[in-house]
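Source file: final.csv (CSV, C-alpha atoms and all ligand atoms)
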chain,number,residue,atom,x,y,z
P,142,MET,CA,-48.7,-0.2,-39.9
P,143,LEU,CA,-49.9,-1.9,-36.7
P,144,ILE,CA,-53.1,-0.4,-35.2
P,145,LEU,CA,-54.2,-1.5,-31.7
P,146,GLU,CA,-57.3,-0.3,-29.9
P,147,CYS,CA,-56.3,0.7,-26.3
P,148,PRO,CA,-58.9,-0.9,-24.0
P,149,TYR,CA,-58.5,1.9,-21.5
P,150,CYS,CA,-59.1,5.0,-23.5
P,151,GLY,CA,-60.7,3.4,-26.6
P,152,VAL,CA,-58.2,5.1,-29.0
P,153,LYS,CA,-57.4,3.2,-32.1
P,154,ALA,CA,-53.7,3.9,-31.7
P,155,GLU,CA,-51.2,3.4,-34.5
P,156,GLU,CA,-47.8,2.0,-33.7
P,157,THR,CA,-46.0,5.3,-33.1
P,158,GLU,CA,-48.3,6.0,-30.1
P,159,LEU,CA,-47.4,2.7,-28.6
P,160,HIS,CA,-44.5,1.0,-26.9
P,161,GLY,CA,-44.0,-2.7,-27.2
P,162,GLY,CA,-43.5,-4.6,-23.9
P,163,GLY,CA,-42.8,-8.1,-25.2
P,164,GLN,CA,-44.3,-11.4,-24.3
P,165,ALA,CA,-47.4,-11.4,-22.1
P,166,HIS,CA,-48.5,-13.6,-19.2
P,167,ILE,CA,-45.0,-14.3,-17.9
P,168,LYS,CA,-44.9,-16.1,-14.6
P,169,ARG,CA,-43.1,-13.8,-12.2
P,170,GLU,CA,-40.5,-15.7,-10.1
P,171,THR,CA,-39.8,-14.5,-6.6
P,172,VAL,CA,-38.2,-15.5,-3.3
P,173,GLY,CA,-37.7,-19.2,-3.1
P,174,SER,CA,-37.5,-19.8,-6.9
P,175,ASP,CA,-34.4,-21.7,-8.0
P,176,ASP,CA,-31.8,-20.3,-10.5
P,177,ASP,CA,-33.3,-22.1,-13.5
P,178,ALA,CA,-36.7,-20.6,-12.8
P,179,PHE,CA,-35.2,-17.2,-12.5
P,180,GLU,CA,-33.2,-17.6,-15.7
P,181,HIS,CA,-36.3,-18.6,-17.5
P,182,TYR,CA,-38.3,-15.7,-16.1
P,183,LEU,CA,-35.6,-13.1,-16.9
P,184,PHE,CA,-34.3,-14.2,-20.2
P,185,THR,CA,-36.3,-16.9,-22.0
P,186,ARG,CA,-39.0,-15.5,-24.3
P,187,ALA,CA,-41.1,-17.1,-26.9
P,188,ASN,CA,-40.7,-15.8,-30.4
P,189,PRO,CA,-43.5,-17.5,-32.3
P,190,ARG,CA,-44.2,-17.1,-36.0
P,191,GLY,CA,-47.9,-16.6,-35.9
P,192,VAL,CA,-50.2,-16.0,-33.0
P,193,HIS,CA,-48.6,-14.2,-30.1
P,194,LEU,CA,-49.8,-12.6,-26.9
P,195,GLU,CA,-48.0,-9.4,-26.0
P,196,ARG,CA,-47.9,-6.5,-23.6
P,197,TRP,CA,-48.1,-3.0,-25.0
P,198,ARG,CA,-48.2,0.4,-23.4
P,199,HIS,CA,-50.2,3.4,-24.8
P,200,ALA,CA,-47.2,5.5,-24.1
P,201,ASN,CA,-48.2,8.6,-26.1
P,202,GLY,CA,-51.7,8.5,-24.9
P,203,CYS,CA,-53.4,7.4,-21.6
P,204,GLY,CA,-50.2,5.8,-20.4
P,205,LYS,CA,-51.8,2.4,-19.6
P,206,TRP,CA,-50.3,-1.0,-20.2
P,207,PHE,CA,-52.6,-3.5,-21.9
P,208,HIS,CA,-52.5,-6.9,-23.7
P,209,ALA,CA,-52.8,-7.6,-27.4
P,210,ALA,CA,-53.3,-10.8,-29.4
P,211,ARG,CA,-51.9,-10.7,-32.9
P,212,ASP,CA,-50.2,-12.6,-35.6
P,213,THR,CA,-46.5,-11.8,-35.9
P,214,THR,CA,-46.3,-12.7,-39.5
P,215,THR,CA,-49.5,-11.2,-40.9
P,216,LEU,CA,-49.8,-8.4,-38.4
P,217,GLU,CA,-53.5,-9.4,-38.1
P,218,VAL,CA,-54.9,-8.2,-34.7
P,219,PHE,CA,-57.3,-10.6,-32.9
P,220,GLY,CA,-58.0,-8.1,-30.1
P,221,THR,CA,-56.7,-6.2,-27.2
P,222,TYR,CA,-57.6,-6.7,-23.5
P,223,SER,CA,-57.1,-5.5,-20.0
P,224,ALA,CA,-53.8,-5.8,-18.2
P,225,GLN,CA,-55.6,-7.0,-15.1
P,226,THR,CA,-55.6,-10.6,-16.1
P,227,TYR,CA,-53.3,-13.6,-16.0
P,228,VAL,CA,-54.9,-15.3,-19.1
P,229,PRO,CA,-56.6,-13.9,-22.1
P,230,PRO,CA,-60.4,-13.6,-21.8
P,231,LYS,CA,-62.6,-16.1,-23.6
P,232,ALA,CA,-63.6,-13.6,-26.3
P,233,ILE,CA,-59.9,-13.2,-27.3
P,234,ILE,CA,-59.3,-16.9,-27.4
P,235,ASP,CA,-62.5,-17.3,-29.5
P,236,ALA,CA,-61.4,-14.6,-31.9
P,237,ILE,CA,-58.0,-16.3,-32.3
P,238,THR,CA,-59.4,-19.8,-32.8
P,239,ALA,CA,-62.1,-18.5,-35.2
P,240,LYS,CA,-59.2,-17.7,-37.6
P,241,ARG,CA,-56.6,-20.3,-36.4
P,242,PRO,CA,-58.6,-23.4,-35.4
P,243,ASP,CA,-55.5,-25.3,-34.5
P,244,TRP,CA,-54.2,-22.7,-32.0
P,245,SER,CA,-54.6,-23.3,-28.3
P,246,LEU,CA,-53.4,-21.4,-25.3
P,247,ASN,CA,-51.6,-24.4,-23.8
P,248,ASP,CA,-49.6,-25.0,-27.0
P,249,TRP,CA,-48.7,-21.3,-27.3
P,250,GLN,CA,-44.9,-21.1,-26.9
P,251,GLY,CA,-45.3,-18.4,-24.3
P,252,ALA,CA,-47.4,-20.7,-22.1
P,253,THR,CA,-45.3,-21.7,-19.0
I,91,MET,CA,-43.0,35.5,-4.4
I,92,SER,CA,-41.3,35.2,-7.7
I,93,ASN,CA,-42.9,36.7,-10.8
I,94,ALA,CA,-44.3,33.6,-12.7
I,95,VAL,CA,-43.9,33.6,-16.5
I,96,SER,CA,-45.1,31.1,-19.1
I,97,ALA,CA,-42.6,29.2,-21.1
I,98,LEU,CA,-42.7,31.3,-24.3
I,99,GLN,CA,-44.3,34.4,-22.8
I,100,GLY,CA,-47.1,34.7,-25.3
I,101,ALA,CA,-45.1,34.0,-28.5
I,102,THR,CA,-47.2,34.0,-31.7
I,103,SER,CA,-46.8,32.7,-35.2
I,104,GLU,CA,-49.2,33.5,-38.0
I,105,GLY,CA,-49.5,31.0,-40.8
I,106,PHE,CA,-52.6,29.5,-42.4
I,107,ALA,CA,-53.6,29.1,-38.7
I,108,MET,CA,-52.7,31.3,-35.8
I,109,ILE,CA,-50.4,29.7,-33.2
I,110,THR,CA,-50.3,31.4,-29.8
I,111,GLU,CA,-48.6,30.5,-26.6
I,112,ALA,CA,-51.5,31.0,-24.3
I,113,GLY,CA,-49.7,32.2,-21.2
I,114,LEU,CA,-50.1,31.0,-17.7
I,115,ARG,CA,-52.8,28.5,-17.0
I,116,GLY,CA,-53.7,26.8,-13.8
I,117,MET,CA,-53.5,23.1,-14.2
I,118,ILE,CA,-54.2,20.4,-11.7
I,119,THR,CA,-53.5,16.7,-12.2
I,120,LEU,CA,-56.2,14.8,-10.4
I,121,ARG,CA,-55.8,11.0,-9.9
I,122,GLY,CA,-58.6,9.0,-8.3
I,123,ASP,CA,-61.7,7.0,-8.8
I,124,LEU,CA,-63.6,9.0,-11.4
I,125,SER,CA,-66.9,7.2,-10.5
I,126,SER,CA,-66.7,8.3,-6.9
I,127,ALA,CA,-69.5,10.7,-5.9
I,128,LYS,CA,-67.1,12.6,-3.6
I,129,LEU,CA,-64.7,13.2,-6.5
I,130,LYS,CA,-67.5,14.2,-8.9
I,131,LYS,CA,-68.7,16.8,-6.4
I,132,ALA,CA,-65.2,18.1,-5.7
I,133,VAL,CA,-64.5,18.5,-9.4
I,134,LYS,CA,-67.8,20.3,-10.0
I,135,SER,CA,-67.1,22.7,-7.2
I,136,ALA,CA,-63.5,23.4,-8.3
I,137,ALA,CA,-64.1,23.8,-12.1
I,138,GLY,CA,-67.9,24.3,-12.4
I,139,VAL,CA,-68.3,21.4,-14.8
I,140,ASP,CA,-69.0,17.7,-14.6
I,141,VAL,CA,-66.4,15.0,-14.8
I,142,PRO,CA,-66.1,14.5,-18.6
I,143,ALA,CA,-66.9,11.4,-20.5
I,144,GLN,CA,-64.0,9.3,-21.9
I,145,ARG,CA,-61.8,11.4,-24.2
I,146,ALA,CA,-63.8,14.6,-23.6
I,147,CYS,CA,-63.1,18.0,-22.2
I,148,ASN,CA,-65.9,19.9,-20.4
I,149,SER,CA,-65.3,23.6,-20.3
I,150,ALA,CA,-67.1,26.7,-19.0
I,151,GLY,CA,-65.4,30.1,-19.4
I,152,ALA,CA,-61.8,30.0,-18.1
I,153,LYS,CA,-62.3,26.6,-16.4
I,154,ALA,CA,-62.2,23.1,-17.9
I,155,VAL,CA,-61.8,19.5,-17.0
I,156,ALA,CA,-60.3,17.0,-19.4
I,157,TRP,CA,-60.3,13.2,-19.3
I,158,MET,CA,-56.7,12.0,-19.3
I,159,SER,CA,-57.1,8.2,-18.5
I,160,PRO,CA,-59.6,6.0,-16.6
I,161,ASP,CA,-58.2,7.3,-13.3
I,162,GLU,CA,-56.9,10.8,-14.2
I,163,LEU,CA,-58.3,14.2,-15.0
I,164,LEU,CA,-56.7,17.5,-15.9
I,165,VAL,CA,-58.5,20.3,-14.1
I,166,MET,CA,-57.9,23.8,-15.5
I,167,VAL,CA,-58.5,27.0,-13.7
I,168,PRO,CA,-57.2,30.6,-14.0
I,169,TYR,CA,-53.5,30.6,-12.9
I,170,ALA,CA,-54.2,33.0,-9.9
I,171,GLU,CA,-56.7,30.5,-8.5
I,172,VAL,CA,-54.7,27.3,-8.9
I,173,VAL,CA,-53.0,27.0,-5.5
I,174,ASP,CA,-56.3,27.6,-3.7
I,175,ALA,CA,-58.2,25.2,-6.1
I,176,THR,CA,-55.6,22.5,-5.6
I,177,SER,CA,-55.8,22.6,-1.8
I,178,ARG,CA,-59.6,22.7,-1.9
I,179,LEU,CA,-59.6,19.6,-4.1
I,180,ALA,CA,-57.2,17.8,-1.9
I,181,LYS,CA,-59.3,18.7,1.2
I,182,ALA,CA,-62.5,17.6,-0.5
I,183,LEU,CA,-61.0,14.3,-1.3
I,184,GLU,CA,-59.6,13.5,2.1
I,185,GLY,CA,-60.2,9.9,2.9
I,186,GLU,CA,-60.4,8.9,-0.8
I,187,HIS,CA,-57.6,7.2,-2.6
I,188,ALA,CA,-56.9,10.3,-4.7
I,189,LEU,CA,-54.2,12.8,-5.4
I,190,ALA,CA,-54.4,16.5,-6.6
I,191,VAL,CA,-51.2,18.1,-7.8
I,192,ASN,CA,-50.6,21.6,-9.1
I,193,VAL,CA,-48.7,21.0,-12.4
I,194,SER,CA,-49.2,24.5,-13.9
I,195,ASP,CA,-45.5,25.5,-14.0
I,196,ALA,CA,-44.5,22.1,-15.6
I,197,ARG,CA,-46.7,22.7,-18.7
I,198,ALA,CA,-47.2,25.0,-21.6
I,199,VAL,CA,-50.5,25.8,-23.4
I,200,PHE,CA,-51.0,26.8,-27.0
I,201,THR,CA,-54.0,27.8,-29.0
I,202,ILE,CA,-54.3,26.9,-32.7
I,203,GLU,CA,-56.9,29.1,-34.3
I,204,GLY,CA,-58.5,29.3,-37.7
I,205,GLU,CA,-60.0,27.0,-40.3
I,206,GLY,CA,-56.6,25.4,-41.0
I,207,GLY,CA,-56.1,24.3,-37.4
I,208,ARG,CA,-57.2,20.7,-38.1
I,209,GLU,CA,-54.6,20.5,-40.8
I,210,VAL,CA,-51.8,21.9,-38.7
I,211,LEU,CA,-52.3,19.2,-36.2
I,212,ALA,CA,-53.1,16.4,-38.6
I,213,LYS,CA,-49.6,16.8,-40.2
I,214,LEU,CA,-48.0,16.2,-36.8
I,215,SER,CA,-50.2,13.7,-34.9
I,216,PRO,CA,-51.5,10.2,-35.7
I,217,VAL,CA,-55.1,11.3,-35.1
I,218,ASP,CA,-58.1,11.4,-37.4
I,219,LEU,CA,-58.8,15.1,-37.4
I,220,SER,CA,-61.6,15.1,-40.0
I,221,ARG,CA,-64.7,17.1,-39.1
I,222,GLU,CA,-66.7,13.9,-38.8
I,223,ALA,CA,-64.3,12.2,-36.5
I,224,PHE,CA,-63.0,15.0,-34.3
I,225,THR,CA,-65.8,17.1,-32.9
I,226,THR,CA,-66.1,20.1,-30.5
I,227,GLY,CA,-65.3,19.0,-26.9
I,228,MET,CA,-63.2,16.0,-27.9
I,229,PHE,CA,-59.9,15.6,-26.1
I,230,ARG,CA,-56.9,13.6,-27.2
I,231,ARG,CA,-53.6,12.6,-25.7
I,232,THR,CA,-51.1,11.8,-28.4
I,233,ARG,CA,-47.8,12.8,-29.8
I,234,LEU,CA,-47.0,15.9,-31.8
I,235,ALA,CA,-44.0,15.0,-33.9
I,236,GLN,CA,-41.8,13.7,-31.1
I,237,ALA,CA,-43.4,15.4,-28.2
I,238,ALA,CA,-46.1,14.1,-25.9
I,239,VAL,CA,-49.1,16.5,-26.0
I,240,ALA,CA,-52.8,16.6,-25.4
I,241,PHE,CA,-55.2,18.8,-27.4
I,242,TRP,CA,-58.9,19.4,-27.5
I,243,LEU,CA,-61.3,21.2,-29.9
I,244,ARG,CA,-62.7,24.2,-27.8
I,245,ASP,CA,-64.9,25.4,-30.6
I,246,GLU,CA,-65.2,24.8,-34.3
I,247,THR,CA,-62.1,26.7,-35.2
I,248,THR,CA,-60.0,26.7,-32.0
I,249,PHE,CA,-57.8,24.0,-30.6
I,250,GLU,CA,-56.1,24.2,-27.3
I,251,LEU,CA,-52.9,22.1,-26.8
I,252,VAL,CA,-50.9,21.4,-23.7
I,253,CYS,CA,-47.4,20.0,-23.5
I,254,PHE,CA,-44.5,19.8,-21.1
I,255,ARG,CA,-42.9,23.1,-20.5
I,256,SER,CA,-39.4,21.9,-21.4
I,257,GLU,CA,-40.7,21.0,-24.9
I,258,ALA,CA,-42.6,24.3,-25.4
I,259,GLN,CA,-40.2,25.7,-28.0
I,260,TYR,CA,-40.0,22.5,-29.9
I,261,VAL,CA,-43.8,22.2,-30.0
I,262,PHE,CA,-44.2,25.9,-31.0
I,263,ASP,CA,-41.6,25.5,-33.8
I,264,ALA,CA,-43.3,22.3,-35.1
I,265,LEU,CA,-46.8,23.9,-35.1
I,266,SER,CA,-45.4,27.1,-36.8
I,267,MET,CA,-43.7,25.0,-39.5
I,268,SER,CA,-46.8,22.9,-40.0
I,269,ALA,CA,-48.9,26.2,-40.5
I,270,LYS,CA,-46.4,27.7,-42.9
I,271,PRO,CA,-48.4,29.4,-45.7
I,272,GLY,CA,-48.2,27.5,-49.0
I,273,SER,CA,-48.0,24.1,-47.2
I,274,GLU,CA,-51.7,23.6,-47.0
I,275,VAL,CA,-52.7,20.1,-48.0
I,276,GLY,CA,-56.4,21.0,-48.4
I,277,PHE,CA,-57.7,17.5,-47.4
I,278,LEU,CA,-59.5,18.2,-44.1
D,301,ZN,ZN,-55.0,4.4,-24.0
Please lay out the structure from this file as structure tokens.
Amino acid sequence: MLILECPYCGVKAEETELHGGGQAHIKRETVGSDDDAFEHYLFTRANPRGVHLERWRHANGCGKWFHAARDTTTLEVFGTYSAQTYVPPKAIIDAITAKRPDWSLNDWQGAT
Amino acid sequence: MSNAVSALQGATSEGFAMITEAGLRGMITLRGDLSSAKLKKAVKSAAGVDVPAQRACNSAGAKAVAWMSPDELLVMVPYAEVVDATSRLAKALEGEHALAVNVSDARAVFTIEGEGGREVLAKLSPVDLSREAFTTGMFRRTRLAQAAVAFWLRDETTFELVCFRSEAQYVFDALSMSAKPGSEVGFL
């Protein structure tokens, strides 16, 4: 059972209150981007075994989208954070590297 | 003007807790900046209580204000006053980035009364309903079986629950089944 604390309402929500929104921090392509960039934006997603940064929505709750950092194999949660950011805050990166010293945001498969 | 009726027109079900469809209730969805002085004043004048803290419901008599999200409140007033209260809220918030909408007829309200109320809800929602964790005045948006609901503990033995009107029968049936005599778990 996955439990994520919603940063907006503070509820420690279990999985059935949440809706997964896939990989976080995707660069949004727009007018002027070429076909390859659009294809990457629309269809290419990282699927790492280990640390992942994801979007989640507190669907059966306050309704807000937020971010979560977790391990896809152990289900360990490093933390959740606001949706109003392009990169994870330092506290989240520190929480990840405290447990996974080799991990870095640049090497994360989702980094673009 | 049409004769307004609530979703289940006061249906009741008596199990190890009493389930009652609470009839018509004035409900206003208020979106805006909850820290704004103007909004705080407007809420106080409409409902007679302060803007509640995160995940709380402040109530006084037939009126209440519940915390729905960082930018949303649910303002509850008697049904007969809701049209007037909505327009007064909207007027008081002119010039603010805010929105007040009368959602009364899109919702249903239930009360769950009795010592067993915590257990009735605990069987259906992923919420810690122990006496230590869920105390009077707390408000929680969650799911009840498969329906989106919000409930709060009005006093030690009374929960109030609000759901979408279209799901009222489903919610009533789920609550009634959960309160069926003989199905007490006795944990909470
Ligand atoms: Zn939330």
* Expected answer as a PyMOL selection string: residues within 12 Å of ligand ZN 301 (chain D), only C-alpha atoms and all ligand atoms -> (chain P and resi 145-155+158-160+197-208+221-224) or (chain I and resi 144-145+157-162+230-232)
Could you pull out every residue with an atom within 12 Å of (-48.3, 16.4, -35.3), file coordinates, counting only C-alpha atoms, and send them as a PDB file with C-alpha atoms, in the frame of the given file?
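Ended up saving to selection21.pdb:
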ATOM      1  CA  THR P 157     -46.000   5.300 -33.100  1.00  0.00           C
ATOM      2  CA  GLU P 158     -48.300   6.000 -30.100  1.00  0.00           C
TER       3      GLU P 158
ATOM      4  CA  GLY I 207     -56.100  24.300 -37.400  1.00  0.00           C
ATOM      5  CA  ARG I 208     -57.200  20.700 -38.100  1.00  0.00           C
ATOM      6  CA  GLU I 209     -54.600  20.500 -40.800  1.00  0.00           C
ATOM      7  CA  VAL I 210     -51.800  21.900 -38.700  1.00  0.00           C
ATOM      8  CA  LEU I 211     -52.300  19.200 -36.200  1.00  0.00           C
ATOM      9  CA  ALA I 212     -53.100  16.400 -38.600  1.00  0.00           C
ATOM     10  CA  LYS I 213     -49.600  16.800 -40.200  1.00  0.00           C
ATOM     11  CA  LEU I 214     -48.000  16.200 -36.800  1.00  0.00           C
ATOM     12  CA  SER I 215     -50.200  13.700 -34.900  1.00  0.00           C
ATOM     13  CA  PRO I 216     -51.500  10.200 -35.700  1.00  0.00           C
ATOM     14  CA  VAL I 217     -55.100  11.300 -35.100  1.00  0.00           C
ATOM     15  CA  ASP I 218     -58.100  11.400 -37.400  1.00  0.00           C
ATOM     16  CA  LEU I 219     -58.800  15.100 -37.400  1.00  0.00           C
ATOM     17  CA  ARG I 231     -53.600  12.600 -25.700  1.00  0.00           C
ATOM     18  CA  THR I 232     -51.100  11.800 -28.400  1.00  0.00           C
ATOM     19  CA  ARG I 233     -47.800  12.800 -29.800  1.00  0.00           C
ATOM     20  CA  LEU I 234     -47.000  15.900 -31.800  1.00  0.00           C
ATOM     21  CA  ALA I 235     -44.000  15.000 -33.900  1.00  0.00           C
ATOM     22  CA  GLN I 236     -41.800  13.700 -31.100  1.00  0.00           C
ATOM     23  CA  ALA I 237     -43.400  15.400 -28.200  1.00  0.00           C
ATOM     24  CA  ALA I 238     -46.100  14.100 -25.900  1.00  0.00           C
ATOM     25  CA  VAL I 239     -49.100  16.500 -26.000  1.00  0.00           C
ATOM     26  CA  ALA I 240     -52.800  16.600 -25.400  1.00  0.00           C
ATOM     27  CA  PHE I 241     -55.200  18.800 -27.400  1.00  0.00           C
ATOM     28  CA  LEU I 251     -52.900  22.100 -26.800  1.00  0.00           C
ATOM     29  CA  TYR I 260     -40.000  22.500 -29.900  1.00  0.00           C
ATOM     30  CA  VAL I 261     -43.800  22.200 -30.000  1.00  0.00           C
ATOM     31  CA  PHE I 262     -44.200  25.900 -31.000  1.00  0.00           C
ATOM     32  CA  ASP I 263     -41.600  25.500 -33.800  1.00  0.00           C
ATOM     33  CA  ALA I 264     -43.300  22.300 -35.100  1.00  0.00           C
ATOM     34  CA  LEU I 265     -46.800  23.900 -35.100  1.00  0.00           C
ATOM     35  CA  SER I 266     -45.400  27.100 -36.800  1.00  0.00           C
ATOM     36  CA  MET I 267     -43.700  25.000 -39.500  1.00  0.00           C
ATOM     37  CA  SER I 268     -46.800  22.900 -40.000  1.00  0.00           C
ATOM     38  CA  ALA I 269     -48.900  26.200 -40.500  1.00  0.00           C
TER      39      ALA I 269
END
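Proximity to I:Val193 was assessed for I:Leu278, I:Met117, I:Val165, I:Ala258 counting all atoms listed in the file; the smallest distance is recorded for I:Met117.
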* Asked: Near P:Tyr182, within 8 Å and counting only C-alpha atoms, which residues show up once chain neighbours fewer than 6 positions away are dropped, as a PyMOL selection string?
  -> chain P and resi 167-170
* Asked: So which residues are close to (-42.0, -12.6, -28.0), meaning at most 9 Å away in the file's coordinates with only C-alpha atoms counted, and can you show them as a list in words?
  -> Gly163, Gln164, Ala165, Arg186, Ala187, Asn188, Pro189, His193, Leu194, Glu195 and Gly251 of chain P
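Relative to atom CA of P:Ala209, atom CA of P:Arg196 is found at 6.3 Å.
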Can you pull out every residue within 9 Å of I:Ala170, counting only C-alpha atoms, but drop anything in the same chain fewer than 4 positions away, and send it as a PDB file with C-alpha atoms, keeping the file's coordinate frame?
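Now in result.pdb:
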ATOM      1  CA  ARG I 115     -52.800  28.500 -17.000  1.00  0.00           C
ATOM      2  CA  GLY I 116     -53.700  26.800 -13.800  1.00  0.00           C
ATOM      3  CA  ASP I 174     -56.300  27.600  -3.700  1.00  0.00           C
TER       4      ASP I 174
END
* Structure fact -> From atom CA of I:Ser256 to atom CA of I:Leu114 the spacing works out at 14.5 Å
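Going from atom CA of I:Pro142 over to atom CA of I:Met166, you cover 12.8 Å.
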Please rebuild stretch 178-191 of chain I with N, CA, C and O atoms and give the result as a PDB file, keeping the file's coordinate frame.
ATOM      1  N   ARG I 178     -58.203  23.026  -2.133  1.00  0.00           N
ATOM      2  CA  ARG I 178     -59.600  22.700  -1.900  1.00  0.00           C
ATOM      3  C   ARG I 178     -59.972  21.329  -2.431  1.00  0.00           C
ATOM      4  O   ARG I 178     -60.719  20.577  -1.818  1.00  0.00           O
ATOM      5  N   LEU I 179     -59.405  20.973  -3.592  1.00  0.00           N
ATOM      6  CA  LEU I 179     -59.600  19.600  -4.100  1.00  0.00           C
ATOM      7  C   LEU I 179     -59.103  18.569  -3.195  1.00  0.00           C
ATOM      8  O   LEU I 179     -59.760  17.574  -2.897  1.00  0.00           O
ATOM      9  N   ALA I 180     -57.858  18.786  -2.741  1.00  0.00           N
ATOM     10  CA  ALA I 180     -57.200  17.800  -1.900  1.00  0.00           C
ATOM     11  C   ALA I 180     -58.031  17.645  -0.571  1.00  0.00           C
ATOM     12  O   ALA I 180     -58.226  16.530  -0.085  1.00  0.00           O
ATOM     13  N   LYS I 181     -58.523  18.754  -0.068  1.00  0.00           N
ATOM     14  CA  LYS I 181     -59.300  18.700   1.200  1.00  0.00           C
ATOM     15  C   LYS I 181     -60.603  17.973   0.958  1.00  0.00           C
ATOM     16  O   LYS I 181     -61.001  17.138   1.760  1.00  0.00           O
ATOM     17  N   ALA I 182     -61.265  18.276  -0.159  1.00  0.00           N
ATOM     18  CA  ALA I 182     -62.500  17.600  -0.500  1.00  0.00           C
ATOM     19  C   ALA I 182     -62.400  16.129  -0.639  1.00  0.00           C
ATOM     20  O   ALA I 182     -63.352  15.377  -0.464  1.00  0.00           O
ATOM     21  N   LEU I 183     -61.182  15.694  -1.005  1.00  0.00           N
ATOM     22  CA  LEU I 183     -61.000  14.300  -1.300  1.00  0.00           C
ATOM     23  C   LEU I 183     -60.285  13.533  -0.152  1.00  0.00           C
ATOM     24  O   LEU I 183     -59.852  12.397  -0.321  1.00  0.00           O
ATOM     25  N   GLU I 184     -60.195  14.184   0.985  1.00  0.00           N
ATOM     26  CA  GLU I 184     -59.600  13.500   2.100  1.00  0.00           C
ATOM     27  C   GLU I 184     -60.335  12.214   2.422  1.00  0.00           C
ATOM     28  O   GLU I 184     -61.557  12.158   2.376  1.00  0.00           O
ATOM     29  N   GLY I 185     -59.563  11.159   2.671  1.00  0.00           N
ATOM     30  CA  GLY I 185     -60.200   9.900   2.900  1.00  0.00           C
ATOM     31  C   GLY I 185     -60.393   9.031   1.690  1.00  0.00           C
ATOM     32  O   GLY I 185     -60.639   7.836   1.770  1.00  0.00           O
ATOM     33  N   GLU I 186     -60.298   9.665   0.504  1.00  0.00           N
ATOM     34  CA  GLU I 186     -60.400   8.900  -0.800  1.00  0.00           C
ATOM     35  C   GLU I 186     -58.990   8.536  -1.209  1.00  0.00           C
ATOM     36  O   GLU I 186     -58.021   9.219  -0.848  1.00  0.00           O
ATOM     37  N   HIS I 187     -58.882   7.490  -2.020  1.00  0.00           N
ATOM     38  CA  HIS I 187     -57.600   7.200  -2.600  1.00  0.00           C
ATOM     39  C   HIS I 187     -57.465   8.093  -3.850  1.00  0.00           C
ATOM     40  O   HIS I 187     -57.863   7.744  -4.962  1.00  0.00           O
ATOM     41  N   ALA I 188     -56.982   9.300  -3.600  1.00  0.00           N
ATOM     42  CA  ALA I 188     -56.900  10.300  -4.700  1.00  0.00           C
ATOM     43  C   ALA I 188     -55.742  11.247  -4.424  1.00  0.00           C
ATOM     44  O   ALA I 188     -55.180  11.302  -3.333  1.00  0.00           O
ATOM     45  N   LEU I 189     -55.369  11.954  -5.495  1.00  0.00           N
ATOM     46  CA  LEU I 189     -54.200  12.800  -5.400  1.00  0.00           C
ATOM     47  C   LEU I 189     -54.458  14.054  -6.318  1.00  0.00           C
ATOM     48  O   LEU I 189     -54.834  13.897  -7.478  1.00  0.00           O
ATOM     49  N   ALA I 190     -54.267  15.254  -5.788  1.00  0.00           N
ATOM     50  CA  ALA I 190     -54.400  16.500  -6.600  1.00  0.00           C
ATOM     51  C   ALA I 190     -53.046  17.208  -6.534  1.00  0.00           C
ATOM     52  O   ALA I 190     -52.542  17.498  -5.447  1.00  0.00           O
ATOM     53  N   VAL I 191     -52.463  17.464  -7.708  1.00  0.00           N
ATOM     54  CA  VAL I 191     -51.200  18.100  -7.800  1.00  0.00           C
ATOM     55  C   VAL I 191     -51.197  19.292  -8.726  1.00  0.00           C
ATOM     56  O   VAL I 191     -51.698  19.160  -9.849  1.00  0.00           O
TER      57      VAL I 191
END
